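Dumped coords.tsv below, it's TSV, C-alpha atoms:
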chain	number	residue	atom	x	y	z
A	127	GLU	CA	-69.92	-30.14	-30.22
A	128	PHE	CA	-73.22	-31.95	-29.80
A	129	ASN	CA	-76.16	-29.56	-29.54
A	130	HIS	CA	-79.72	-30.69	-28.86
A	131	ASP	CA	-81.41	-27.99	-30.93
A	132	VAL	CA	-79.11	-28.38	-33.95
A	133	TYR	CA	-79.55	-32.16	-34.05
A	134	THR	CA	-83.30	-31.92	-33.57
A	135	GLN	CA	-83.72	-29.39	-36.38
A	136	THR	CA	-81.47	-31.32	-38.76
A	137	VAL	CA	-83.02	-34.76	-38.20
A	138	GLU	CA	-86.53	-33.34	-38.54
A	139	ALA	CA	-85.60	-31.60	-41.80
A	140	LEU	CA	-83.99	-34.77	-43.15
A	141	TYR	CA	-87.06	-36.79	-42.18
A	142	ASP	CA	-89.32	-34.30	-43.97
A	143	GLU	CA	-87.26	-34.64	-47.15
A	144	LEU	CA	-86.95	-38.45	-47.19
A	145	ALA	CA	-90.22	-39.43	-45.43
A	146	PRO	CA	-88.89	-42.82	-44.23
A	147	GLU	CA	-91.12	-45.45	-42.65
A	148	LEU	CA	-88.50	-46.14	-39.99
A	149	LEU	CA	-86.32	-43.49	-38.32
A	150	VAL	CA	-83.37	-45.22	-36.61
A	151	LEU	CA	-81.44	-43.34	-33.93
A	152	PRO	CA	-78.65	-44.37	-31.53
A	153	ASN	CA	-79.52	-45.39	-27.97
A	154	THR	CA	-76.63	-43.32	-26.60
A	155	VAL	CA	-76.34	-40.34	-24.28
A	156	ASN	CA	-76.69	-37.96	-27.23
A	157	GLY	CA	-79.28	-40.06	-29.07
A	158	LEU	CA	-81.56	-40.25	-26.04
A	159	ASP	CA	-81.19	-36.48	-25.69
A	160	TYR	CA	-82.78	-35.61	-29.04
A	161	ALA	CA	-84.71	-38.77	-30.09
A	162	PRO	CA	-87.75	-38.07	-27.85
A	163	ALA	CA	-87.90	-34.45	-29.03
A	164	VAL	CA	-87.77	-35.50	-32.69
A	165	ALA	CA	-90.41	-38.22	-32.22
A	166	ASN	CA	-92.68	-35.81	-30.38
A	167	SER	CA	-92.29	-33.09	-32.99
A	168	LEU	CA	-92.99	-35.52	-35.85
A	169	SER	CA	-95.83	-37.29	-33.97
A	170	LEU	CA	-94.05	-40.64	-34.24
A	171	PRO	CA	-94.29	-43.49	-31.72
A	172	LEU	CA	-90.86	-44.01	-30.14
A	173	VAL	CA	-89.42	-47.41	-29.17
A	174	THR	CA	-86.13	-47.19	-27.27
A	175	ASP	CA	-83.18	-49.48	-26.47
A	176	ALA	CA	-83.85	-52.15	-29.09
A	177	ILE	CA	-81.59	-55.22	-28.94
A	178	ASP	CA	-83.18	-56.93	-31.95
A	179	VAL	CA	-85.44	-55.80	-34.78
A	180	GLU	CA	-87.58	-57.61	-37.37
A	181	TYR	CA	-89.10	-55.45	-40.07
A	182	GLY	CA	-91.75	-56.96	-42.33
A	183	ASP	CA	-95.45	-56.22	-42.52
A	184	THR	CA	-95.10	-54.78	-39.01
A	185	LEU	CA	-92.16	-53.75	-36.85
A	186	SER	CA	-91.20	-56.17	-34.06
A	187	VAL	CA	-88.73	-54.84	-31.52
A	188	THR	CA	-87.02	-56.90	-28.81
A	189	ARG	CA	-86.32	-55.01	-25.59
A	190	GLU	CA	-85.12	-55.97	-22.13
A	191	MET	CA	-87.19	-55.27	-19.02
A	192	TYR	CA	-86.96	-55.59	-15.24
A	193	GLY	CA	-83.24	-54.95	-15.07
A	194	SER	CA	-82.50	-57.21	-18.08
A	195	LYS	CA	-84.15	-60.20	-16.39
A	196	VAL	CA	-86.57	-60.78	-19.28
A	197	GLU	CA	-86.84	-59.97	-22.96
A	198	THR	CA	-90.08	-58.75	-24.47
A	199	VAL	CA	-91.12	-58.36	-28.11
A	200	VAL	CA	-93.04	-55.19	-28.90
A	201	GLU	CA	-95.26	-55.16	-31.99
A	202	VAL	CA	-95.61	-51.59	-33.27
A	203	ASP	CA	-98.94	-50.85	-34.94
A	204	ALA	CA	-97.99	-47.73	-36.90
A	205	ASP	CA	-97.03	-46.84	-40.45
A	206	ARG	CA	-94.05	-44.74	-39.35
A	207	VAL	CA	-91.90	-45.29	-36.26
A	208	ALA	CA	-88.87	-43.82	-34.49
A	209	LEU	CA	-86.50	-46.38	-32.98
A	210	THR	CA	-83.31	-46.24	-30.92
A	211	ILE	CA	-80.95	-49.23	-31.01
A	212	ARG	CA	-78.50	-50.26	-28.30
A	213	PRO	CA	-74.81	-50.10	-29.30
A	214	GLY	CA	-72.81	-53.32	-29.20
A	215	GLU	CA	-75.75	-55.68	-29.71
A	216	TRP	CA	-74.97	-56.50	-33.37
A	217	PRO	CA	-71.70	-57.93	-34.67
A	218	PRO	CA	-69.81	-55.76	-37.18
A	219	ALA	CA	-71.10	-56.24	-40.71
A	220	GLU	CA	-68.86	-58.17	-43.07
A	221	GLY	CA	-68.16	-57.00	-46.59
A	222	THR	CA	-68.99	-53.69	-48.22
A	223	GLY	CA	-72.49	-52.38	-48.77
A	224	GLU	CA	-73.80	-50.45	-51.73
A	225	ALA	CA	-75.79	-47.75	-49.98
A	226	GLU	CA	-76.01	-44.47	-51.81
A	227	ILE	CA	-74.43	-41.61	-49.89
A	228	SER	CA	-75.66	-38.13	-50.68
A	229	GLN	CA	-75.10	-34.74	-49.11
A	230	PHE	CA	-77.88	-33.05	-47.20
A	231	ASP	CA	-77.73	-29.29	-46.66
A	232	ASP	CA	-80.01	-27.77	-44.08
A	233	SER	CA	-80.23	-24.21	-42.85
A	234	ILE	CA	-80.25	-23.97	-39.06
A	235	ASP	CA	-82.54	-21.46	-37.37
A	236	GLU	CA	-79.98	-19.92	-35.04
A	237	SER	CA	-82.71	-18.20	-33.01
A	238	ALA	CA	-84.04	-21.64	-32.04
A	239	VAL	CA	-80.65	-22.81	-30.71
A	240	ARG	CA	-81.08	-22.15	-27.02
A	241	SER	CA	-77.96	-23.77	-25.58
A	242	THR	CA	-74.25	-23.92	-26.33
A	243	VAL	CA	-71.23	-25.76	-24.93
A	244	THR	CA	-69.14	-23.35	-22.87
A	245	GLY	CA	-66.49	-25.78	-21.62
A	246	PHE	CA	-65.59	-29.23	-20.37
A	247	GLN	CA	-64.65	-30.66	-16.99
A	248	GLU	CA	-62.31	-33.61	-17.34
A	249	VAL	CA	-63.22	-36.71	-15.32
A	250	GLY	CA	-60.33	-38.53	-13.69
A	251	GLY	CA	-58.98	-41.50	-15.66
A	252	GLY	CA	-60.73	-40.42	-18.82
A	253	ASP	CA	-57.80	-41.52	-20.96
A	254	VAL	CA	-59.05	-45.15	-20.90
A	255	ASP	CA	-62.02	-46.35	-22.93
A	256	ILE	CA	-62.97	-49.83	-21.74
A	257	THR	CA	-65.33	-50.26	-24.71
A	258	ASP	CA	-62.30	-50.50	-27.04
A	259	ALA	CA	-60.54	-53.26	-25.09
A	260	ASP	CA	-60.14	-56.75	-26.54
A	261	VAL	CA	-59.55	-58.24	-23.09
A	262	LEU	CA	-61.06	-56.88	-19.88
A	263	VAL	CA	-60.13	-57.95	-16.36
A	264	SER	CA	-62.98	-56.80	-14.15
A	265	VAL	CA	-62.97	-56.65	-10.36
A	266	GLY	CA	-65.91	-56.72	-7.97
A	267	ARG	CA	-66.66	-56.44	-4.27
A	268	GLY	CA	-64.95	-59.81	-3.65
A	269	ILE	CA	-61.63	-57.95	-3.71
A	270	GLU	CA	-62.59	-56.77	-0.17
A	271	GLU	CA	-60.20	-53.81	0.18
A	272	GLU	CA	-58.89	-51.06	-2.10
A	273	GLU	CA	-55.23	-52.04	-1.71
A	274	ASN	CA	-56.05	-55.52	-3.00
A	275	ILE	CA	-56.95	-54.09	-6.42
A	276	ALA	CA	-53.20	-54.02	-7.12
A	277	LEU	CA	-53.41	-57.81	-7.48
A	278	VAL	CA	-56.00	-57.60	-10.26
A	279	GLU	CA	-54.11	-54.69	-11.88
A	280	GLU	CA	-51.02	-56.91	-12.08
A	281	LEU	CA	-53.03	-59.64	-13.81
A	282	ALA	CA	-54.37	-57.12	-16.31
A	283	ASP	CA	-50.87	-55.81	-16.99
A	284	THR	CA	-49.50	-59.34	-17.38
A	285	LEU	CA	-52.23	-60.20	-19.93
A	286	GLY	CA	-51.97	-56.87	-21.74
A	287	ALA	CA	-55.60	-56.31	-20.76
A	288	THR	CA	-57.61	-53.33	-19.50
A	289	LEU	CA	-58.86	-53.06	-15.93
A	290	SER	CA	-62.60	-52.54	-15.36
A	291	SER	CA	-64.98	-53.05	-12.46
A	292	SER	CA	-68.50	-53.51	-11.17
A	293	ARG	CA	-70.42	-50.62	-9.62
A	294	PRO	CA	-69.52	-51.17	-5.92
A	295	ILE	CA	-65.84	-50.57	-6.69
A	296	VAL	CA	-66.66	-47.22	-8.29
A	297	ASP	CA	-69.14	-46.30	-5.56
A	298	ASN	CA	-66.38	-46.86	-3.00
A	299	GLY	CA	-64.10	-44.52	-4.94
A	300	TRP	CA	-61.54	-47.24	-5.62
A	301	LEU	CA	-61.68	-46.83	-9.42
A	302	PRO	CA	-63.01	-43.96	-11.58
A	303	LYS	CA	-66.45	-44.02	-13.18
A	304	ASN	CA	-65.08	-44.62	-16.68
A	305	ARG	CA	-63.99	-48.13	-15.56
A	306	GLN	CA	-67.51	-49.24	-14.60
A	307	VAL	CA	-69.28	-51.96	-16.58
A	308	GLY	CA	-73.05	-52.27	-16.37
A	309	GLN	CA	-76.37	-50.54	-16.82
A	310	SER	CA	-75.18	-47.40	-15.06
A	311	GLY	CA	-71.70	-47.75	-16.55
A	312	LYS	CA	-70.62	-48.87	-20.00
A	313	VAL	CA	-71.69	-51.73	-22.28
A	314	VAL	CA	-68.63	-53.70	-23.39
A	315	THR	CA	-68.15	-56.49	-25.92
A	316	PRO	CA	-64.54	-57.68	-25.57
A	317	ASP	CA	-63.13	-60.92	-26.91
A	318	VAL	CA	-62.47	-62.05	-23.33
A	319	TYR	CA	-64.07	-60.80	-20.10
A	320	ILE	CA	-62.56	-62.04	-16.83
A	321	ALA	CA	-64.89	-61.38	-13.88
A	322	ILE	CA	-63.03	-61.55	-10.56
A	323	GLY	CA	-65.02	-61.46	-7.35
A	324	ILE	CA	-68.17	-60.41	-9.22
A	325	SER	CA	-71.43	-62.14	-8.29
A	326	GLY	CA	-73.25	-61.27	-11.53
A	327	ALA	CA	-76.08	-58.91	-10.62
A	328	VAL	CA	-78.41	-58.22	-13.54
A	329	GLN	CA	-77.26	-54.59	-13.74
A	330	HIS	CA	-73.67	-55.73	-14.27
A	331	VAL	CA	-74.55	-58.58	-16.63
A	332	ALA	CA	-76.42	-56.14	-18.89
A	333	GLY	CA	-73.11	-54.42	-19.57
A	334	MET	CA	-70.90	-57.44	-20.37
A	335	LYS	CA	-73.06	-60.35	-21.56
A	336	GLY	CA	-72.04	-59.64	-25.17
A	337	ALA	CA	-68.43	-60.68	-24.55
A	338	ASP	CA	-67.25	-63.55	-26.77
A	339	THR	CA	-65.72	-65.49	-23.87
A	340	ILE	CA	-66.54	-64.97	-20.19
A	341	VAL	CA	-64.34	-66.30	-17.39
A	342	ALA	CA	-65.59	-66.12	-13.80
A	343	ILE	CA	-63.64	-66.46	-10.56
A	344	ASN	CA	-65.81	-66.60	-7.45
A	345	THR	CA	-65.97	-68.65	-4.26
A	346	ASP	CA	-69.76	-68.97	-4.51
A	347	ALA	CA	-70.64	-71.81	-6.87
A	348	SER	CA	-74.25	-70.56	-7.07
A	349	ALA	CA	-73.30	-67.01	-8.08
A	350	PRO	CA	-75.38	-65.80	-11.06
A	351	ILE	CA	-72.21	-65.00	-13.01
A	352	TYR	CA	-71.77	-68.74	-13.60
A	353	ASP	CA	-75.05	-68.87	-15.52
A	354	LEU	CA	-73.40	-67.14	-18.48
A	355	ALA	CA	-69.70	-67.88	-17.93
A	356	ASP	CA	-67.93	-70.04	-20.50
A	357	TYR	CA	-65.28	-70.96	-17.92
A	358	GLY	CA	-65.57	-70.79	-14.15
A	359	VAL	CA	-63.16	-71.21	-11.25
A	360	VAL	CA	-64.93	-71.78	-7.92
A	361	ASP	CA	-62.12	-70.79	-5.61
A	362	ASP	CA	-60.62	-67.92	-3.64
A	363	LEU	CA	-59.49	-65.15	-6.00
A	364	PHE	CA	-56.51	-64.50	-3.70
A	365	ASP	CA	-55.26	-68.00	-4.60
A	366	VAL	CA	-56.35	-68.09	-8.24
A	367	VAL	CA	-55.20	-64.65	-9.44
A	368	PRO	CA	-51.56	-65.02	-8.23
A	369	ALA	CA	-51.43	-68.44	-9.91
A	370	LEU	CA	-52.69	-66.92	-13.17
A	371	ILE	CA	-50.14	-64.11	-12.97
A	372	GLU	CA	-47.32	-66.60	-12.54
A	373	ALA	CA	-48.69	-68.83	-15.30
A	374	PHE	CA	-48.58	-65.91	-17.75
A	375	GLY	CA	-45.06	-64.86	-16.76
A	376	GLY	CA	-45.81	-62.11	-14.26
A	377	GLU	CA	-44.96	-61.61	-10.61
A	378	PRO	CA	-47.79	-61.24	-8.08
A	379	PRO	CA	-47.53	-58.12	-5.89
A	380	ALA	CA	-47.07	-58.45	-2.15
A	381	LEU	CA	-50.36	-57.57	-0.45

Have the structure of the file written as structure tokens, please.
Amino acid sequence: EFNHDVYTQTVEALYDELAPELLVLPNTVNGLDYAPAVANSLSLPLVTDAIDVEYGDTLSVTREMYGSKVETVVEVDADRVALTIRPGEWPPAEGTGEAEISQFDDSIDESAVRSTVTGFQEVGGGDVDITDADVLVSVGRGIEEEENIALVEELADTLGATLSSSRPIVDNGWLPKNRQVGQSGKVVTPDVYIAIGISGAVQHVAGMKGADTIVAINTDASAPIYDLADYGVVDDLFDVVPALIEAFGGEPPAL
């Protein structure tokens, strides 16, 4: 299991052996656990949550600020830098690389390992990983009531898609946390993202803007979600969703 002290010791030892100019770490829950400790121990400047990188005479890192409302380019004036990169921001590489893979053996100082995993507490609905879905049908506060989610679930089932949501749905306890898309949820990059009753707050957009095709259904024609949608339906979701279910061969539930 992941252990802060083991990862920190190992990455520091590997850095000491290779002496790279750029130390690249993942901007994940685990990566953000040990990256600051490693950078501090090695006296490296740390730039986090990179969404683009240019590496030439100097390192230029693109980051988002103010709730993903703006992008800023950071020029790093240092010979050696630690950097964390955001998952899902780069398309999968095509072809096969020729990087040399070698084994690295490091002896862990067990006396410096101050924590261990003693067990796990399963979170409800943890069997679904929305980050793996090719098609996501996402529901927002426009659904109005918990029992109405059955309508969106039926559309997801009809399309063979996975159900996800914006934060208000999770905050209300209508869907489990693992279904939440956004800054405080998960970053997803499906082929198709269907946003139903979602206005498009910046916190939500930060989690789904990388989708290949975005479809929005909302009664408000000025909703921010339409700024990045490829297709938009300005209409009542309670009229549009049943029509979509029927069009794809399903049967809308009685609400």

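Atom CA of Ala163 of chain A to atom CA of Gly333 of chain A spans 26.6 Å [interatomic distance, one decimal].
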
Taking every listed atom of segment 205-209 of chain A and adding 5 Å to each side, what centre and edge lengths in Å (one decimal) does the axis-aligned box have, as JSON?
{"center_x": -91.8, "center_y": -45.3, "center_z": -36.7, "size_x": 20.5, "size_y": 13.0, "size_z": 17.5}

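Between atom CA of His130 of chain A and atom CA of Tyr160 of chain A the interatomic distance comes to 5.8 Å.
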
Problem set entry | Which of A:Val261, A:Leu370, A:Val360, A:Val137 sits closest to Asp231 of chain A [using only C-alpha atoms] | A:Val137

For this session: For Arg189 of chain A, work out the shell of residues within 10 Å, counting only C-alpha atoms and skipping chain neighbours fewer than 5 positions away, then give it as number ranges by chain.
Result: A: 173-179, 194, 196-200, 211-212

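Of the residues listed (A:Asn344, A:Ser228, A:Ser167, A:Ser241), A:Ser167 shows the shortest atom-to-atom separation from Asp142 of chain A; distances use all atoms listed in the file.
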
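Shown here are all protein and nucleic acid residues lying within 12 Å of (-61.3, -58.2, 0.6), with only C-alpha atoms considered: Val265, Gly266, Arg267, Gly268, Ile269, Glu270, Glu271, Glu272, Glu273, Asn274, Ile275, Ala276, Leu277, Ile295, Ile322, Gly323, Asp362, Leu363, Phe364 and Leu381 of chain A.
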
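Using only C-alpha atoms, the residues found no farther than 12 Å from Leu149 of chain A, other than those of its own chain fewer than 5 positions away, are A:Val137, A:Glu138, A:Leu140, A:Tyr141, A:Asp142, A:Leu144, A:Ala161, A:Pro162, A:Val164, A:Ala165, A:Leu168, A:Leu170, A:Pro171, A:Leu172, A:Val173, A:Thr174, A:Leu185, A:Asp205, A:Arg206, A:Val207, A:Ala208, A:Leu209, A:Thr210, A:Ile211.
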
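Across the model, the gap from atom CA of Val132 of chain A to atom CA of Arg240 of chain A is 9.5 Å.
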
Problem set entry | A:Leu354, A:Ala287, A:Ile234, A:Val296 ranked by distance to Ala259 of chain A, top pick (using all atoms listed in the file) | A:Ala287

For this session: Using only C-alpha atoms, determine which residues lie at most 12 Å from Glu127 of chain A, disregarding the query and same-chain residues fewer than 4 positions distant; provide the list as JSON, numbers by chain.
Result: {"A": [131, 132, 133, 156, 241, 242, 243, 244, 245, 246]}

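When all atoms listed in the file are used to compute distances to Ala321 of chain A, the closest of the residues A:Asp297, A:Asp356, A:Glu215, A:Glu224 turns out to be A:Asp356.
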
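Distances here use all atoms listed in the file; by that measure, the residue among A:Thr345, A:Gln135, A:Ser292, A:Gln306 closest to Asp361 of chain A is A:Thr345.
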
Problem set entry | Point (-58.9, -55.4, -15.5), cut-off 7 Å, counting all atoms listed in the file, residues as an MDAnalysis selection string | chainID A and resid 262:265 278:279 282 287:290

For the residues in that selection, give me C-alpha atoms as a compact mmCIF listing (two decimals), in the frame of the given file.
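The resulting file, out07.txt, is shown below:
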# COMPACT_ATOMS: atom_id res chain seq x y z
CA LEU A 262 -61.06 -56.88 -19.88
CA VAL A 263 -60.13 -57.95 -16.36
CA SER A 264 -62.98 -56.80 -14.15
CA VAL A 265 -62.97 -56.65 -10.36
CA VAL A 278 -56.00 -57.60 -10.26
CA GLU A 279 -54.11 -54.69 -11.88
CA ALA A 282 -54.37 -57.12 -16.31
CA ALA A 287 -55.60 -56.31 -20.76
CA THR A 288 -57.61 -53.33 -19.50
CA LEU A 289 -58.86 -53.06 -15.93
CA SER A 290 -62.60 -52.54 -15.36

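For the residues A:Ile324, A:Val318, A:Ala225, A:Ile371, ranking by smallest atom-to-atom distance to Tyr357 of chain A using all atoms listed in the file places A:Val318 first.
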
Close residues, Ser310 of chain A itself excluded, 12 Å, only C-alpha atoms, min 4 positions apart in chain, as a PDB file with C-alpha atoms, keeping the file's coordinate frame:
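Result written to selection17.pdb:
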ATOM      1  CA  VAL A 155     -76.340 -40.340 -24.280  1.00  0.00           C
ATOM      2  CA  GLY A 193     -83.240 -54.950 -15.070  1.00  0.00           C
ATOM      3  CA  SER A 291     -64.980 -53.050 -12.460  1.00  0.00           C
ATOM      4  CA  SER A 292     -68.500 -53.510 -11.170  1.00  0.00           C
ATOM      5  CA  ARG A 293     -70.420 -50.620  -9.620  1.00  0.00           C
ATOM      6  CA  PRO A 294     -69.520 -51.170  -5.920  1.00  0.00           C
ATOM      7  CA  VAL A 296     -66.660 -47.220  -8.290  1.00  0.00           C
ATOM      8  CA  ASP A 297     -69.140 -46.300  -5.560  1.00  0.00           C
ATOM      9  CA  LYS A 303     -66.450 -44.020 -13.180  1.00  0.00           C
ATOM     10  CA  ASN A 304     -65.080 -44.620 -16.680  1.00  0.00           C
ATOM     11  CA  ARG A 305     -63.990 -48.130 -15.560  1.00  0.00           C
ATOM     12  CA  GLN A 306     -67.510 -49.240 -14.600  1.00  0.00           C
ATOM     13  CA  VAL A 328     -78.410 -58.220 -13.540  1.00  0.00           C
ATOM     14  CA  GLN A 329     -77.260 -54.590 -13.740  1.00  0.00           C
ATOM     15  CA  HIS A 330     -73.670 -55.730 -14.270  1.00  0.00           C
ATOM     16  CA  VAL A 331     -74.550 -58.580 -16.630  1.00  0.00           C
ATOM     17  CA  ALA A 332     -76.420 -56.140 -18.890  1.00  0.00           C
ATOM     18  CA  GLY A 333     -73.110 -54.420 -19.570  1.00  0.00           C
TER      19      GLY A 333
END
